[in-house]
Every structure is written in structure tokens, then in C-alpha cells.
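Shown below: protein11.cif, with mmCIF, C-alpha atoms, pLDDT in the B column; chains and numbers go by the auth columns.
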data_my_file
loop_
_atom_site.group_PDB
_atom_site.id
_atom_site.type_symbol
_atom_site.label_atom_id
_atom_site.label_comp_id
_atom_site.label_asym_id
_atom_site.label_seq_id
_atom_site.Cartn_x
_atom_site.Cartn_y
_atom_site.Cartn_z
_atom_site.B_iso_or_equiv
_atom_site.auth_seq_id
_atom_site.auth_asym_id
ATOM 1 C CA MET A 1 13.591 -30.771 -45.047 40.00 1 A
ATOM 2 C CA PRO A 2 12.936 -28.238 -42.221 45.00 2 A
ATOM 3 C CA GLU A 3 12.427 -29.399 -38.657 43.00 3 A
ATOM 4 C CA THR A 4 8.845 -29.630 -37.454 46.00 4 A
ATOM 5 C CA PRO A 5 8.245 -27.174 -34.603 49.00 5 A
ATOM 6 C CA THR A 6 8.118 -28.943 -31.258 50.00 6 A
ATOM 7 C CA ARG A 7 4.965 -28.592 -29.164 57.00 7 A
ATOM 8 C CA GLU A 8 5.446 -28.686 -25.412 58.00 8 A
ATOM 9 C CA ARG A 9 3.651 -27.432 -22.353 66.00 9 A
ATOM 10 C CA ASP A 10 6.605 -25.978 -20.436 72.00 10 A
ATOM 11 C CA PRO A 11 7.405 -22.539 -21.911 70.00 11 A
ATOM 12 C CA ASN A 12 10.547 -22.295 -19.766 79.00 12 A
ATOM 13 C CA ALA A 13 11.971 -25.480 -21.318 86.00 13 A
ATOM 14 C CA LYS A 14 11.307 -24.019 -24.755 90.00 14 A
ATOM 15 C CA ARG A 15 13.006 -20.751 -23.815 87.00 15 A
ATOM 16 C CA VAL A 16 16.067 -22.598 -22.485 87.00 16 A
ATOM 17 C CA ARG A 17 16.284 -24.698 -25.643 92.00 17 A
ATOM 18 C CA ILE A 18 16.124 -21.622 -27.875 93.00 18 A
ATOM 19 C CA ALA A 19 18.871 -19.902 -25.850 90.00 19 A
ATOM 20 C CA ASP A 20 21.067 -23.027 -25.845 90.00 20 A
ATOM 21 C CA GLU A 21 20.754 -23.542 -29.594 94.00 21 A
ATOM 22 C CA ALA A 22 21.403 -19.864 -30.247 92.00 22 A
ATOM 23 C CA LEU A 23 24.610 -19.961 -28.198 90.00 23 A
ATOM 24 C CA ARG A 24 25.744 -23.047 -30.102 91.00 24 A
ATOM 25 C CA LEU A 25 25.114 -21.318 -33.439 93.00 25 A
ATOM 26 C CA PHE A 26 26.754 -18.052 -32.336 91.00 26 A
ATOM 27 C CA GLN A 27 29.884 -19.996 -31.422 89.00 27 A
ATOM 28 C CA ALA A 28 29.901 -22.154 -34.541 91.00 28 A
ATOM 29 C CA GLN A 29 29.238 -19.568 -37.233 91.00 29 A
ATOM 30 C CA GLY A 30 29.401 -16.155 -35.568 89.00 30 A
ATOM 31 C CA TYR A 31 26.884 -13.888 -33.893 89.00 31 A
ATOM 32 C CA THR A 32 26.326 -11.572 -36.856 89.00 32 A
ATOM 33 C CA GLU A 33 25.988 -14.439 -39.329 93.00 33 A
ATOM 34 C CA THR A 34 23.357 -16.280 -37.270 94.00 34 A
ATOM 35 C CA THR A 35 19.756 -15.461 -38.142 94.00 35 A
ATOM 36 C CA ILE A 36 16.571 -15.768 -36.120 95.00 36 A
ATOM 37 C CA ASP A 37 15.320 -18.300 -38.677 96.00 37 A
ATOM 38 C CA GLN A 38 18.380 -20.481 -38.071 96.00 38 A
ATOM 39 C CA ILE A 39 17.858 -20.279 -34.320 95.00 39 A
ATOM 40 C CA ALA A 40 14.187 -21.231 -34.711 96.00 40 A
ATOM 41 C CA SER A 41 15.060 -24.169 -36.929 96.00 41 A
ATOM 42 C CA ALA A 42 17.768 -25.462 -34.577 96.00 42 A
ATOM 43 C CA ALA A 43 15.439 -25.157 -31.571 95.00 43 A
ATOM 44 C CA ARG A 44 12.578 -26.812 -33.501 94.00 44 A
ATOM 45 C CA VAL A 45 10.205 -23.873 -32.988 94.00 45 A
ATOM 46 C CA GLY A 46 8.644 -21.273 -35.246 94.00 46 A
ATOM 47 C CA ARG A 47 10.123 -17.828 -35.814 94.00 47 A
ATOM 48 C CA ARG A 48 7.221 -16.232 -33.912 94.00 48 A
ATOM 49 C CA THR A 49 7.990 -18.414 -30.903 94.00 49 A
ATOM 50 C CA VAL A 50 11.548 -17.087 -30.790 94.00 50 A
ATOM 51 C CA PHE A 51 10.236 -13.512 -30.823 92.00 51 A
ATOM 52 C CA HIS A 52 7.627 -14.395 -28.198 91.00 52 A
ATOM 53 C CA HIS A 53 10.441 -15.233 -25.773 89.00 53 A
ATOM 54 C CA PHE A 54 13.140 -12.841 -27.027 87.00 54 A
ATOM 55 C CA PRO A 55 12.637 -9.396 -28.565 86.00 55 A
ATOM 56 C CA THR A 56 16.156 -9.325 -30.062 85.00 56 A
ATOM 57 C CA LYS A 57 19.115 -11.539 -30.875 86.00 57 A
ATOM 58 C CA GLU A 58 21.036 -9.845 -28.056 83.00 58 A
ATOM 59 C CA ALA A 59 18.320 -10.949 -25.630 83.00 59 A
ATOM 60 C CA VAL A 60 18.861 -14.568 -26.680 85.00 60 A
ATOM 61 C CA LEU A 61 22.622 -14.311 -26.183 84.00 61 A
ATOM 62 C CA PHE A 62 22.331 -12.996 -22.625 79.00 62 A
ATOM 63 C CA ASP A 63 19.193 -14.839 -21.542 79.00 63 A
ATOM 64 C CA HIS A 64 20.941 -16.921 -18.891 72.00 64 A
ATOM 65 C CA LEU A 65 22.034 -13.704 -17.174 70.00 65 A
ATOM 66 C CA VAL A 66 18.510 -12.231 -17.384 69.00 66 A
ATOM 67 C CA VAL A 67 16.875 -15.291 -15.827 65.00 67 A
ATOM 68 C CA ARG A 68 19.150 -14.862 -12.824 76.00 68 A
ATOM 69 C CA ARG A 69 18.009 -11.243 -12.506 78.00 69 A
ATOM 70 C CA GLU A 70 14.369 -12.302 -12.423 80.00 70 A
ATOM 71 C CA THR A 71 15.148 -14.784 -9.646 84.00 71 A
ATOM 72 C CA ALA A 72 17.059 -12.109 -7.733 88.00 72 A
ATOM 73 C CA THR A 73 14.098 -9.715 -7.876 90.00 73 A
ATOM 74 C CA GLN A 74 11.897 -12.395 -6.349 91.00 74 A
ATOM 75 C CA ARG A 75 14.481 -13.065 -3.634 92.00 75 A
ATOM 76 C CA LEU A 76 14.510 -9.357 -2.737 94.00 76 A
ATOM 77 C CA ARG A 77 10.735 -9.518 -2.204 94.00 77 A
ATOM 78 C CA GLU A 78 11.335 -12.349 0.272 94.00 78 A
ATOM 79 C CA ARG A 79 13.944 -10.517 2.407 93.00 79 A
ATOM 80 C CA PRO A 80 12.904 -9.157 5.842 92.00 80 A
ATOM 81 C CA ALA A 81 10.720 -6.065 5.544 89.00 81 A
ATOM 82 C CA ASP A 82 12.639 -4.208 8.274 91.00 82 A
ATOM 83 C CA GLU A 83 16.062 -4.782 6.714 94.00 83 A
ATOM 84 C CA ALA A 84 17.872 -1.636 5.538 95.00 84 A
ATOM 85 C CA PRO A 85 17.653 -1.262 1.728 96.00 85 A
ATOM 86 C CA LEU A 86 21.417 -1.184 1.172 96.00 86 A
ATOM 87 C CA THR A 87 21.884 -4.243 3.378 96.00 87 A
ATOM 88 C CA SER A 88 19.227 -6.106 1.385 96.00 88 A
ATOM 89 C CA LEU A 89 20.795 -5.098 -1.924 96.00 89 A
ATOM 90 C CA HIS A 90 24.318 -6.039 -0.860 96.00 90 A
ATOM 91 C CA LEU A 91 23.306 -9.443 0.509 95.00 91 A
ATOM 92 C CA LEU A 92 21.103 -10.160 -2.497 94.00 92 A
ATOM 93 C CA LEU A 93 23.738 -9.233 -5.078 93.00 93 A
ATOM 94 C CA ARG A 94 26.488 -11.026 -3.178 94.00 94 A
ATOM 95 C CA GLU A 95 24.335 -14.157 -3.121 92.00 95 A
ATOM 96 C CA LEU A 96 23.782 -13.789 -6.867 88.00 96 A
ATOM 97 C CA ALA A 97 27.544 -13.454 -7.361 89.00 97 A
ATOM 98 C CA GLU A 98 28.220 -16.447 -5.112 90.00 98 A
ATOM 99 C CA GLN A 99 25.848 -18.646 -7.096 85.00 99 A
ATOM 100 C CA GLY A 100 27.664 -17.577 -10.234 79.00 100 A
ATOM 101 C CA TYR A 101 26.756 -18.937 -13.633 74.00 101 A
ATOM 102 C CA GLU A 102 27.072 -22.338 -15.216 75.00 102 A
ATOM 103 C CA ARG A 103 30.653 -22.544 -16.481 73.00 103 A
ATOM 104 C CA ARG A 104 29.685 -23.943 -19.902 77.00 104 A
ATOM 105 C CA LEU A 105 27.264 -21.090 -20.542 77.00 105 A
ATOM 106 C CA ILE A 106 29.703 -18.419 -19.421 76.00 106 A
ATOM 107 C CA GLU A 107 32.420 -19.854 -21.674 79.00 107 A
ATOM 108 C CA GLN A 108 30.011 -19.799 -24.621 81.00 108 A
ATOM 109 C CA ILE A 109 28.937 -16.212 -23.927 80.00 109 A
ATOM 110 C CA ARG A 110 32.562 -15.145 -23.431 78.00 110 A
ATOM 111 C CA SER A 111 33.603 -16.618 -26.763 82.00 111 A
ATOM 112 C CA VAL A 112 30.840 -14.718 -28.571 83.00 112 A
ATOM 113 C CA VAL A 113 31.557 -11.467 -26.708 79.00 113 A
ATOM 114 C CA ALA A 114 35.253 -11.805 -27.578 79.00 114 A
ATOM 115 C CA THR A 115 34.355 -11.438 -31.265 80.00 115 A
ATOM 116 C CA GLU A 116 31.621 -8.815 -30.684 78.00 116 A
ATOM 117 C CA PRO A 117 32.797 -6.802 -27.625 70.00 117 A
ATOM 118 C CA GLN A 118 30.199 -4.056 -28.062 71.00 118 A
ATOM 119 C CA LEU A 119 27.510 -6.607 -27.164 70.00 119 A
ATOM 120 C CA ALA A 120 28.731 -6.822 -23.568 62.00 120 A
ATOM 121 C CA ALA A 121 28.629 -3.064 -23.109 58.00 121 A
ATOM 122 C CA GLU A 122 25.123 -2.851 -24.588 58.00 122 A
ATOM 123 C CA GLN A 123 23.826 -5.724 -22.489 58.00 123 A
ATOM 124 C CA PHE A 124 25.178 -4.422 -19.220 53.00 124 A
ATOM 125 C CA SER A 125 23.709 -1.017 -20.012 52.00 125 A
ATOM 126 C CA THR A 126 20.167 -2.009 -21.048 50.00 126 A
ATOM 127 C CA GLY A 127 19.915 -5.102 -18.841 57.00 127 A
ATOM 128 C CA SER A 128 21.012 -3.211 -15.756 66.00 128 A
ATOM 129 C CA ARG A 129 18.426 -0.477 -16.310 76.00 129 A
ATOM 130 C CA ALA A 130 15.551 -2.975 -16.303 77.00 130 A
ATOM 131 C CA PHE A 131 16.991 -4.795 -13.274 82.00 131 A
ATOM 132 C CA GLU A 132 17.453 -1.485 -11.449 88.00 132 A
ATOM 133 C CA THR A 133 13.841 -0.486 -12.069 90.00 133 A
ATOM 134 C CA SER A 134 12.578 -3.829 -10.739 91.00 134 A
ATOM 135 C CA LEU A 135 14.692 -3.780 -7.587 94.00 135 A
ATOM 136 C CA ALA A 136 13.881 -0.141 -6.778 95.00 136 A
ATOM 137 C CA ALA A 137 10.162 -0.845 -7.205 95.00 137 A
ATOM 138 C CA VAL A 138 10.359 -3.740 -4.744 95.00 138 A
ATOM 139 C CA LEU A 139 12.211 -1.608 -2.180 95.00 139 A
ATOM 140 C CA GLU A 140 9.828 1.348 -2.592 94.00 140 A
ATOM 141 C CA SER A 141 6.852 -0.942 -2.081 94.00 141 A
ATOM 142 C CA ARG A 142 8.469 -2.548 0.961 92.00 142 A
ATOM 143 C CA CYS A 143 9.411 0.777 2.585 89.00 143 A
ATOM 144 C CA GLY A 144 5.980 2.284 2.055 87.00 144 A
ATOM 145 C CA GLY A 145 7.231 5.854 1.868 86.00 145 A
ATOM 146 C CA THR A 146 9.352 5.744 5.046 92.00 146 A
ATOM 147 C CA ILE A 147 12.538 6.157 2.979 93.00 147 A
ATOM 148 C CA PRO A 148 12.712 8.814 0.262 94.00 148 A
ATOM 149 C CA THR A 149 12.424 7.539 -3.299 94.00 149 A
ATOM 150 C CA LEU A 150 15.624 9.360 -4.240 96.00 150 A
ATOM 151 C CA GLU A 151 17.545 7.464 -1.562 96.00 151 A
ATOM 152 C CA ILE A 152 16.185 4.110 -2.696 96.00 152 A
ATOM 153 C CA ARG A 153 16.982 4.818 -6.327 95.00 153 A
ATOM 154 C CA ALA A 154 20.468 6.110 -5.539 96.00 154 A
ATOM 155 C CA LEU A 155 21.301 3.093 -3.354 96.00 155 A
ATOM 156 C CA THR A 156 19.926 0.685 -5.954 95.00 156 A
ATOM 157 C CA LYS A 157 21.947 2.288 -8.729 93.00 157 A
ATOM 158 C CA MET A 158 25.098 2.242 -6.595 94.00 158 A
ATOM 159 C CA ALA A 159 24.707 -1.406 -5.572 94.00 159 A
ATOM 160 C CA LEU A 160 23.979 -2.473 -9.146 90.00 160 A
ATOM 161 C CA GLY A 161 27.063 -0.546 -10.207 89.00 161 A
ATOM 162 C CA TRP A 162 29.077 -2.854 -7.970 93.00 162 A
ATOM 163 C CA PHE A 163 27.495 -5.941 -9.497 88.00 163 A
ATOM 164 C CA SER A 164 27.562 -4.876 -13.141 82.00 164 A
ATOM 165 C CA THR A 165 31.216 -3.819 -12.830 89.00 165 A
ATOM 166 C CA ALA A 166 32.087 -7.163 -11.245 91.00 166 A
ATOM 167 C CA ALA A 167 30.103 -9.087 -13.880 82.00 167 A
ATOM 168 C CA HIS A 168 31.726 -7.166 -16.734 81.00 168 A
ATOM 169 C CA ILE A 169 35.220 -7.835 -15.337 87.00 169 A
ATOM 170 C CA TYR A 170 34.357 -11.488 -14.782 85.00 170 A
ATOM 171 C CA LEU A 171 32.942 -11.915 -18.276 75.00 171 A
ATOM 172 C CA THR A 172 35.565 -10.010 -20.250 78.00 172 A
ATOM 173 C CA GLU A 173 38.743 -10.692 -18.259 82.00 173 A
ATOM 174 C CA GLU A 174 38.053 -14.385 -17.626 77.00 174 A
ATOM 175 C CA ARG A 175 38.463 -14.053 -13.879 84.00 175 A
ATOM 176 C CA PRO A 176 37.854 -17.353 -12.032 84.00 176 A
ATOM 177 C CA SER A 177 35.226 -16.130 -9.552 89.00 177 A
ATOM 178 C CA LEU A 178 32.339 -13.703 -9.910 90.00 178 A
ATOM 179 C CA LEU A 179 32.047 -13.548 -6.114 94.00 179 A
ATOM 180 C CA GLU A 180 35.697 -12.544 -5.785 95.00 180 A
ATOM 181 C CA CYS A 181 35.197 -9.802 -8.382 94.00 181 A
ATOM 182 C CA PHE A 182 32.102 -8.562 -6.544 95.00 182 A
ATOM 183 C CA ASP A 183 33.790 -8.492 -3.134 97.00 183 A
ATOM 184 C CA ASP A 184 36.808 -6.673 -4.615 96.00 184 A
ATOM 185 C CA VAL A 185 34.619 -4.030 -6.266 96.00 185 A
ATOM 186 C CA VAL A 186 32.545 -3.427 -3.100 97.00 186 A
ATOM 187 C CA ALA A 187 35.664 -3.190 -0.919 97.00 187 A
ATOM 188 C CA ILE A 188 37.379 -0.740 -3.269 96.00 188 A
ATOM 189 C CA CYS A 189 34.277 1.467 -3.490 95.00 189 A
ATOM 190 C CA ALA A 190 33.744 1.432 0.296 94.00 190 A
ATOM 191 C CA GLN A 191 37.397 2.301 0.979 95.00 191 A
ATOM 192 C CA ALA A 192 37.416 5.093 -1.591 95.00 192 A
ATOM 193 C CA SER A 193 34.176 6.541 -0.168 92.00 193 A
ATOM 194 C CA VAL A 194 35.585 6.651 3.353 91.00 194 A
ATOM 195 C CA ARG A 195 38.908 8.067 2.152 92.00 195 A
ATOM 196 C CA ASP A 196 37.708 10.591 -0.414 92.00 196 A
ATOM 197 C CA LEU A 197 34.294 11.790 0.804 88.00 197 A
ATOM 198 C CA ARG A 198 35.087 12.875 4.360 74.00 198 A
#

Target format C-alpha cells, applied to this file:
Amino acid sequence: MPETPTRERDPNAKRVRIADEALRLFQAQGYTETTIDQIASAARVGRRTVFHHFPTKEAVLFDHLVVRRETATQRLRERPADEAPLTSLHLLLRELAEQGYERRLIEQIRSVVATEPQLAAEQFSTGSRAFETSLAAVLESRCGGTIPTLEIRALTKMALGWFSTAAHIYLTEERPSLLECFDDVVAICAQASVRDLR
């Protein structure tokens, strides 16, 4: 007998439950083999509810990473208005790296990605584009035209390149610290820029 969909007032709790159940199913029976209907049943929601929160199965798999991006965008809005854009981006992304991710969730995502490695590449590509657009929009609004749009977009893309490279290394190589990966990537890029672009 199928589970009765659960009614609750907190949409975030529902979203978390869907993502948690999806990760459990992906690990237990495989990403490809898991259907949206199975995820809905395990989370005790309707199929439409799953699609209301997640447009694709990939979005469910990486939801815990996306939620962190939404929080980071809000934190950028709260940074001092007179702070240089690159300084804001570096401090924001370093803070995000320092907070890291819940170990259990990362281990679950890693185990799924290990069997479907193309998922990581796709996620870091599409997820980073949306994050980049959000961060650049915040900086453009904050600067009010005093800094060229091209500069803001270039700096945002560069800084996100540091973070996405660090996150990809952390996720796929099972490194112990996302912050350490981030600091290593930033240091290498800064040193190479000084050395090679004189």
C-alpha cells in the first residue's frame, strides 16, 4: 500500500526530506535506477511536490550544495558596501569553504558520483553558472555603476573558478578539508598570476 503524502507547513523541511530520501535511494539502488516516483514515495509526498522543489533528479542529488549557495548570496548582500568586490568574493567563498558540508551528506554524494562521474562535471558547470549570475548581480547593485560590469563579471567568474575547482577536488579526490583545497587553489592561482603575467 503506497505511503500517504505528508502535509506540513514548512516547505524547507519537506525539501530536506525529499533530498535525504533521494540520497538514500541513490546509494542503495543506484542513481540511474532510482525514479522520481520512488523518491516521492520514500519522502511521503506526491510526484508534483518533488518537481515543485526540484526540476531534475540531478537537482535533488546536489541540493545540499545549492542551499549553501543561496545562503552565500545572502551573505554577500550583507557585506560592507565599500568593500572591494574581489575582497568580498574571496572572504565569502573562503567562509563557505570553512563551513564545509555535513560529512554524512558529502559521503553520500561522493558515493553516488563515484558511480556516475559525469554528474559532478554537469553539476559544477550548471550550478556555478546560476551562482555566478546571482553573485555578480549583487555586486553590480552594490557598486551602482562605479565599477565596470565587465570587471565585476570577470572577478566573479575568477573567484568562483577557485571555489568550484576546490569543491570538485574535495568531492572527487576525498580530500579531508574543503577549506584547505580552497586556500591551495587561491594560492596557486595568485602565485602563477604574479609569476606569469608580469

Output check: residues returned by the PyMOL selection byres ((chain A and resi 84) around 12), as a PyMOL selection string: chain A and resi 76+79-83+85-91+139-140+142-143+146-147+151-152+155-156

Show me the residues around (24.5, -6.8, -11.3) - criterion: an atom at most 12 Å away, only C-alpha atoms counted - as a VMD selection string. chain A and resid 65 to 66 68 to 70 72 to 73 89 to 90 92 to 97 100 123 to 132 135 156 to 170 178 to 179 181 to 182 185 to 186

Counting only C-alpha atoms, what are the residues of range 112-175 of chain A within 10 Å of range 32-37 of chain A, and for each of them which pair of atoms is the nearest and at what distance in Å, to one decimal? Sort the table by chain and rising number, as a tab-separated table.
residue	atom	partner	partner_atom	distance
A:Val112	CA	A:Thr32	CA	9.9
A:Thr115	CA	A:Thr32	CA	9.8
A:Glu116	CA	A:Thr32	CA	8.6

Let me know the centre plus edge lengths, in Å and rounded to one decimal, of a box with edges along x, y and z that contains all listed atoms of range 172-182 of chain A and is padded by 4 Å on every side, as JSON.
{"center_x": 35.4, "center_y": -13.0, "center_z": -13.0, "size_x": 14.7, "size_y": 16.8, "size_z": 22.5}

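Coordinates place CA of Glu180 in chain A at a distance of 28.6 Å from CA of Phe26 in chain A.
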
Report the distance between CA of His52 in chain A and CA of Asn12 in chain A in Å, rounded to one decimal place.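 Distance between the two atoms: 11.9 Å.
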
Would you mind telling me which residue in A:Ala40, A:Leu119, A:Leu171, A:Ala28 lies nearest to Glu107 in chain A when using only C-alpha atoms?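 Ranking A:Ala40, A:Leu119, A:Leu171, A:Ala28 by distance to Glu107 in chain A, first place goes to A:Leu171.
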
A straight line from CA of Glu173 in chain A to CA of Pro117 in chain A spans 11.8 Å

**Asked** So which residues touch Thr56 in chain A within 12 Å, counting all atoms listed in the file, skipping near sequence neighbours fewer than 4 positions away, as a ChimeraX atom specification?
**Response** /A:19,22,35-36,39,47-48,50-52,60-63,123

Where atoms are missing, can you supply all heavy atoms for range 63-74 of chain A and output the lot as a PDB file, in the coordinates of the input?
ATOM      1  N   ASP A  63      20.370 -14.397 -22.288  1.00 79.00           N
ATOM      2  CA  ASP A  63      19.193 -14.839 -21.542  1.00 79.00           C
ATOM      3  C   ASP A  63      19.536 -15.470 -20.206  1.00 79.00           C
ATOM      4  O   ASP A  63      18.838 -15.269 -19.222  1.00 79.00           O
ATOM      5  CB  ASP A  63      18.371 -15.832 -22.370  1.00 79.00           C
ATOM      6  CG  ASP A  63      17.099 -16.245 -21.639  1.00 79.00           C
ATOM      7  OD1 ASP A  63      16.304 -15.343 -21.317  1.00 79.00           O
ATOM      8  OD2 ASP A  63      16.910 -17.434 -21.364  1.00 79.00           O
ATOM      9  N   HIS A  64      20.608 -16.241 -20.141  1.00 72.00           N
ATOM     10  CA  HIS A  64      20.941 -16.921 -18.891  1.00 72.00           C
ATOM     11  C   HIS A  64      21.268 -15.916 -17.787  1.00 72.00           C
ATOM     12  O   HIS A  64      21.020 -16.180 -16.615  1.00 72.00           O
ATOM     13  CB  HIS A  64      22.085 -17.897 -19.110  1.00 72.00           C
ATOM     14  CG  HIS A  64      21.712 -19.014 -20.038  1.00 72.00           C
ATOM     15  ND1 HIS A  64      20.850 -20.019 -19.684  1.00 72.00           N
ATOM     16  CD2 HIS A  64      22.057 -19.260 -21.325  1.00 72.00           C
ATOM     17  CE1 HIS A  64      20.687 -20.850 -20.703  1.00 72.00           C
ATOM     18  NE2 HIS A  64      21.404 -20.404 -21.713  1.00 72.00           N
ATOM     19  N   LEU A  65      21.781 -14.747 -18.162  1.00 70.00           N
ATOM     20  CA  LEU A  65      22.034 -13.704 -17.174  1.00 70.00           C
ATOM     21  C   LEU A  65      20.721 -13.061 -16.732  1.00 70.00           C
ATOM     22  O   LEU A  65      20.528 -12.760 -15.560  1.00 70.00           O
ATOM     23  CB  LEU A  65      22.969 -12.634 -17.747  1.00 70.00           C
ATOM     24  CG  LEU A  65      24.282 -13.104 -18.392  1.00 70.00           C
ATOM     25  CD1 LEU A  65      25.112 -11.907 -18.804  1.00 70.00           C
ATOM     26  CD2 LEU A  65      25.074 -13.989 -17.445  1.00 70.00           C
ATOM     27  N   VAL A  66      19.798 -12.874 -17.677  1.00 69.00           N
ATOM     28  CA  VAL A  66      18.510 -12.231 -17.384  1.00 69.00           C
ATOM     29  C   VAL A  66      17.669 -13.087 -16.446  1.00 69.00           C
ATOM     30  O   VAL A  66      17.047 -12.573 -15.503  1.00 69.00           O
ATOM     31  CB  VAL A  66      17.734 -11.950 -18.691  1.00 69.00           C
ATOM     32  CG1 VAL A  66      16.319 -11.472 -18.396  1.00 69.00           C
ATOM     33  CG2 VAL A  66      18.478 -10.914 -19.523  1.00 69.00           C
ATOM     34  N   VAL A  67      17.656 -14.396 -16.682  1.00 65.00           N
ATOM     35  CA  VAL A  67      16.875 -15.291 -15.827  1.00 65.00           C
ATOM     36  C   VAL A  67      17.326 -15.159 -14.380  1.00 65.00           C
ATOM     37  O   VAL A  67      16.517 -15.132 -13.447  1.00 65.00           O
ATOM     38  CB  VAL A  67      16.987 -16.745 -16.314  1.00 65.00           C
ATOM     39  CG1 VAL A  67      16.426 -17.717 -15.288  1.00 65.00           C
ATOM     40  CG2 VAL A  67      16.256 -16.908 -17.641  1.00 65.00           C
ATOM     41  N   ARG A  68      18.634 -15.032 -14.172  1.00 76.00           N
ATOM     42  CA  ARG A  68      19.150 -14.862 -12.824  1.00 76.00           C
ATOM     43  C   ARG A  68      18.640 -13.552 -12.208  1.00 76.00           C
ATOM     44  O   ARG A  68      18.388 -13.478 -11.016  1.00 76.00           O
ATOM     45  CB  ARG A  68      20.680 -14.877 -12.844  1.00 76.00           C
ATOM     46  CG  ARG A  68      21.274 -16.172 -13.355  1.00 76.00           C
ATOM     47  CD  ARG A  68      20.863 -17.349 -12.474  1.00 76.00           C
ATOM     48  NE  ARG A  68      21.329 -17.182 -11.124  1.00 76.00           N
ATOM     49  CZ  ARG A  68      22.566 -17.442 -10.715  1.00 76.00           C
ATOM     50  NH1 ARG A  68      23.447 -17.918 -11.551  1.00 76.00           N
ATOM     51  NH2 ARG A  68      22.904 -17.253  -9.464  1.00 76.00           N
ATOM     52  N   ARG A  69      18.505 -12.523 -13.020  1.00 78.00           N
ATOM     53  CA  ARG A  69      18.009 -11.243 -12.506  1.00 78.00           C
ATOM     54  C   ARG A  69      16.557 -11.366 -12.048  1.00 78.00           C
ATOM     55  O   ARG A  69      16.166 -10.783 -11.039  1.00 78.00           O
ATOM     56  CB  ARG A  69      18.129 -10.158 -13.587  1.00 78.00           C
ATOM     57  CG  ARG A  69      19.559  -9.777 -13.873  1.00 78.00           C
ATOM     58  CD  ARG A  69      19.624  -8.839 -15.045  1.00 78.00           C
ATOM     59  NE  ARG A  69      21.008  -8.477 -15.344  1.00 78.00           N
ATOM     60  CZ  ARG A  69      21.417  -8.020 -16.506  1.00 78.00           C
ATOM     61  NH1 ARG A  69      20.567  -7.851 -17.489  1.00 78.00           N
ATOM     62  NH2 ARG A  69      22.684  -7.717 -16.684  1.00 78.00           N
ATOM     63  N   GLU A  70      15.772 -12.114 -12.802  1.00 80.00           N
ATOM     64  CA  GLU A  70      14.369 -12.302 -12.423  1.00 80.00           C
ATOM     65  C   GLU A  70      14.269 -13.035 -11.090  1.00 80.00           C
ATOM     66  O   GLU A  70      13.462 -12.691 -10.226  1.00 80.00           O
ATOM     67  CB  GLU A  70      13.636 -13.058 -13.524  1.00 80.00           C
ATOM     68  CG  GLU A  70      13.483 -12.247 -14.802  1.00 80.00           C
ATOM     69  CD  GLU A  70      12.999 -13.072 -15.984  1.00 80.00           C
ATOM     70  OE1 GLU A  70      12.851 -14.307 -15.850  1.00 80.00           O
ATOM     71  OE2 GLU A  70      12.777 -12.468 -17.052  1.00 80.00           O
ATOM     72  N   THR A  71      15.113 -14.042 -10.907  1.00 84.00           N
ATOM     73  CA  THR A  71      15.148 -14.784  -9.646  1.00 84.00           C
ATOM     74  C   THR A  71      15.578 -13.871  -8.507  1.00 84.00           C
ATOM     75  O   THR A  71      15.021 -13.921  -7.404  1.00 84.00           O
ATOM     76  CB  THR A  71      16.117 -15.973  -9.758  1.00 84.00           C
ATOM     77  OG1 THR A  71      15.685 -16.819 -10.833  1.00 84.00           O
ATOM     78  CG2 THR A  71      16.169 -16.777  -8.480  1.00 84.00           C
ATOM     79  N   ALA A  72      16.565 -13.021  -8.763  1.00 88.00           N
ATOM     80  CA  ALA A  72      17.059 -12.109  -7.733  1.00 88.00           C
ATOM     81  C   ALA A  72      15.982 -11.135  -7.289  1.00 88.00           C
ATOM     82  O   ALA A  72      15.851 -10.836  -6.093  1.00 88.00           O
ATOM     83  CB  ALA A  72      18.277 -11.347  -8.251  1.00 88.00           C
ATOM     84  N   THR A  73      15.182 -10.634  -8.224  1.00 90.00           N
ATOM     85  CA  THR A  73      14.098  -9.715  -7.876  1.00 90.00           C
ATOM     86  C   THR A  73      13.107 -10.398  -6.937  1.00 90.00           C
ATOM     87  O   THR A  73      12.654  -9.803  -5.949  1.00 90.00           O
ATOM     88  CB  THR A  73      13.386  -9.214  -9.146  1.00 90.00           C
ATOM     89  OG1 THR A  73      14.343  -8.557  -9.990  1.00 90.00           O
ATOM     90  CG2 THR A  73      12.275  -8.235  -8.802  1.00 90.00           C
ATOM     91  N   GLN A  74      12.803 -11.643  -7.216  1.00 91.00           N
ATOM     92  CA  GLN A  74      11.897 -12.395  -6.349  1.00 91.00           C
ATOM     93  C   GLN A  74      12.514 -12.599  -4.967  1.00 91.00           C
ATOM     94  O   GLN A  74      11.844 -12.472  -3.946  1.00 91.00           O
ATOM     95  CB  GLN A  74      11.549 -13.750  -6.985  1.00 91.00           C
ATOM     96  CG  GLN A  74      10.597 -14.596  -6.155  1.00 91.00           C
ATOM     97  CD  GLN A  74       9.298 -13.878  -5.827  1.00 91.00           C
ATOM     98  OE1 GLN A  74       8.729 -13.175  -6.655  1.00 91.00           O
ATOM     99  NE2 GLN A  74       8.812 -14.030  -4.598  1.00 91.00           N
TER     100      GLN A  74
END
